[in-house]
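Asker: My questions will all concern the structure given below.
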Amino acid sequence: MKKQASLIALVLFLGGAVVLGSDALAPDQLAAAPGGGVFVAERGGVVHFVSPGGSEITRFAELEVFTLGECGLLGIALDPEYRINGFVYCFATVSDREQRIIRWRNENGLGVDPVVIRENLPTNGSVHNG
């Protein structure tokens, strides 16, 4: 039921319908893209891009995350100059002792050129502490 409620919220956010197959999204974090569409981050480490109106869902990026307790992919944000540089940032727990900030560049709906912006951010491995 939680997935359905989250998907309803995503549909309302997009103002349209999202066509779902067997790989239904489980959104945890959202970031609205300038010009339309939305980035959807799932706690398990996958970032999707949903096109304006929700007609297409593409896998933007994926990273290995540590998901015990409240850990995992915990945040997503777009660069203030996103229209120019296409930078998408994520905050994630990558082990029971470390969190990171990672950046990708959006190239036609795919995350390319991943860069670890900040590493060795401490965590106790059960809550996000972010």
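For the structure tokens, the naming scheme is as follows: chains receive sequential letters (A, B, ...) according to their order of presentation, residues are indexed from 1 within each chain, and ligands are indexed from 1 in presentation order.
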Find the residues around Pro34 (chain A) up to 10 Å (only C-alpha atoms counted), leave out those fewer than 5 positions away in its own chain, and share them as a count of residues only.
Answerer: 3
Asker: Neighbouring residues of region 93-108 of chain A were defined as those with any atom within 10 Å, considering only C-alpha atoms; residues of the same chain fewer than 3 positions away were excluded. Please report them as a PyMOL selection string.
Answerer: chain A and resi 43+45+49+60-61+63-68+70-79+82+85-90+111-130
Asker: According to DSSP computed on the backbone, where in region 62-123 of chain A is there strand (DSSP E)? Give the residues as a VMD selection string.
Answerer: chain A and resid 62 73 to 78 87 to 93 98 to 107 110 to 122
Asker: Once you have the residues from the selection above, write them out as a short mmCIF file (atom, residue, chain, number, x, y, z; two decimals), in the first residue's frame, restricted to N, CA and C atoms.
Answerer:
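Final file, out-v5.cif:
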data_model
loop_
_atom_site.label_atom_id
_atom_site.label_comp_id
_atom_site.auth_asym_id
_atom_site.auth_seq_id
_atom_site.Cartn_x
_atom_site.Cartn_y
_atom_site.Cartn_z
N GLU A 62 22.42 4.52 -10.92
CA GLU A 62 22.28 3.54 -9.86
C GLU A 62 23.58 3.48 -9.08
N LEU A 73 19.87 5.56 -0.16
CA LEU A 73 19.87 6.79 -0.95
C LEU A 73 18.86 7.72 -0.30
N LEU A 74 19.36 8.80 0.32
CA LEU A 74 18.52 9.60 1.22
C LEU A 74 18.15 10.98 0.71
N GLY A 75 18.81 11.46 -0.33
CA GLY A 75 18.50 12.80 -0.79
C GLY A 75 18.90 13.00 -2.23
N ILE A 76 18.18 13.90 -2.89
CA ILE A 76 18.50 14.27 -4.27
C ILE A 76 18.24 15.76 -4.43
N ALA A 77 19.11 16.42 -5.17
CA ALA A 77 18.97 17.86 -5.41
C ALA A 77 19.57 18.20 -6.76
N LEU A 78 19.05 19.23 -7.37
CA LEU A 78 19.58 19.72 -8.64
C LEU A 78 20.41 20.96 -8.39
N PHE A 87 23.76 19.22 -13.56
CA PHE A 87 24.27 18.45 -12.42
C PHE A 87 23.13 18.01 -11.49
N VAL A 88 23.18 16.73 -11.11
CA VAL A 88 22.24 16.13 -10.16
C VAL A 88 23.07 15.55 -9.02
N TYR A 89 22.72 15.89 -7.78
CA TYR A 89 23.46 15.46 -6.60
C TYR A 89 22.62 14.48 -5.77
N CYS A 90 23.28 13.48 -5.22
CA CYS A 90 22.62 12.54 -4.32
C CYS A 90 23.43 12.40 -3.03
N PHE A 91 22.71 12.17 -1.96
CA PHE A 91 23.31 11.90 -0.65
C PHE A 91 22.97 10.46 -0.30
N ALA A 92 23.98 9.63 -0.02
CA ALA A 92 23.72 8.21 0.21
C ALA A 92 24.63 7.62 1.27
N THR A 93 24.10 6.63 1.97
CA THR A 93 24.89 5.81 2.88
C THR A 93 25.49 4.69 2.05
N GLU A 98 30.01 5.01 6.43
CA GLU A 98 30.29 6.15 5.52
C GLU A 98 29.08 6.56 4.70
N GLN A 99 28.95 7.87 4.56
CA GLN A 99 27.97 8.47 3.65
C GLN A 99 28.73 9.33 2.65
N ARG A 100 28.12 9.53 1.48
CA ARG A 100 28.77 10.33 0.43
C ARG A 100 27.77 11.24 -0.27
N ILE A 101 28.33 12.27 -0.89
CA ILE A 101 27.58 13.10 -1.83
C ILE A 101 28.18 12.82 -3.21
N ILE A 102 27.32 12.41 -4.14
CA ILE A 102 27.76 12.05 -5.49
C ILE A 102 27.05 12.95 -6.49
N ARG A 103 27.77 13.30 -7.55
CA ARG A 103 27.19 14.16 -8.59
C ARG A 103 27.25 13.45 -9.95
N TRP A 104 26.19 13.56 -10.70
CA TRP A 104 26.15 13.11 -12.10
C TRP A 104 25.79 14.31 -12.97
N ARG A 105 26.10 14.19 -14.24
CA ARG A 105 25.66 15.17 -15.24
C ARG A 105 24.58 14.50 -16.07
N ASN A 106 23.48 15.20 -16.28
CA ASN A 106 22.39 14.67 -17.07
C ASN A 106 22.72 14.82 -18.55
N GLU A 107 22.78 13.68 -19.23
CA GLU A 107 23.00 13.69 -20.68
C GLU A 107 21.88 12.88 -21.31
N LEU A 110 20.26 10.35 -18.97
CA LEU A 110 21.15 9.38 -18.33
C LEU A 110 22.19 10.11 -17.48
N GLY A 111 22.47 9.57 -16.31
CA GLY A 111 23.50 10.13 -15.44
C GLY A 111 24.88 9.70 -15.91
N VAL A 112 25.71 10.64 -16.28
CA VAL A 112 27.06 10.34 -16.76
C VAL A 112 28.09 11.09 -15.91
N ASP A 113 29.33 10.67 -16.04
CA ASP A 113 30.46 11.32 -15.35
C ASP A 113 30.26 11.43 -13.84
N PRO A 114 29.98 10.30 -13.14
CA PRO A 114 29.79 10.39 -11.69
C PRO A 114 31.07 10.87 -10.99
N VAL A 115 30.87 11.75 -10.02
CA VAL A 115 31.98 12.30 -9.24
C VAL A 115 31.58 12.26 -7.76
N VAL A 116 32.45 11.73 -6.92
CA VAL A 116 32.22 11.79 -5.48
C VAL A 116 32.65 13.18 -5.03
N ILE A 117 31.68 13.95 -4.60
CA ILE A 117 31.93 15.34 -4.17
C ILE A 117 32.47 15.37 -2.75
N ARG A 118 31.89 14.53 -1.90
CA ARG A 118 32.31 14.47 -0.49
C ARG A 118 32.20 13.04 -0.03
N GLU A 119 33.24 12.52 0.59
CA GLU A 119 33.21 11.15 1.10
C GLU A 119 33.60 11.15 2.56
N ASN A 120 33.54 9.98 3.16
CA ASN A 120 33.89 9.80 4.57
C ASN A 120 33.04 10.61 5.53
N LEU A 121 31.78 10.86 5.16
CA LEU A 121 30.84 11.49 6.09
C LEU A 121 30.38 10.39 7.05
N PRO A 122 30.50 10.62 8.36
CA PRO A 122 30.25 9.54 9.31
C PRO A 122 28.77 9.17 9.45
#
Asker: List as a ChimeraX atom specification the protein and nucleic acid residues near Gly36 (chain A), meaning an atom at most 9 Å away when only C-alpha atoms are counted, but skip any in the same chain fewer than 3 places from it.
Answerer: /A:14,32-33,51-53
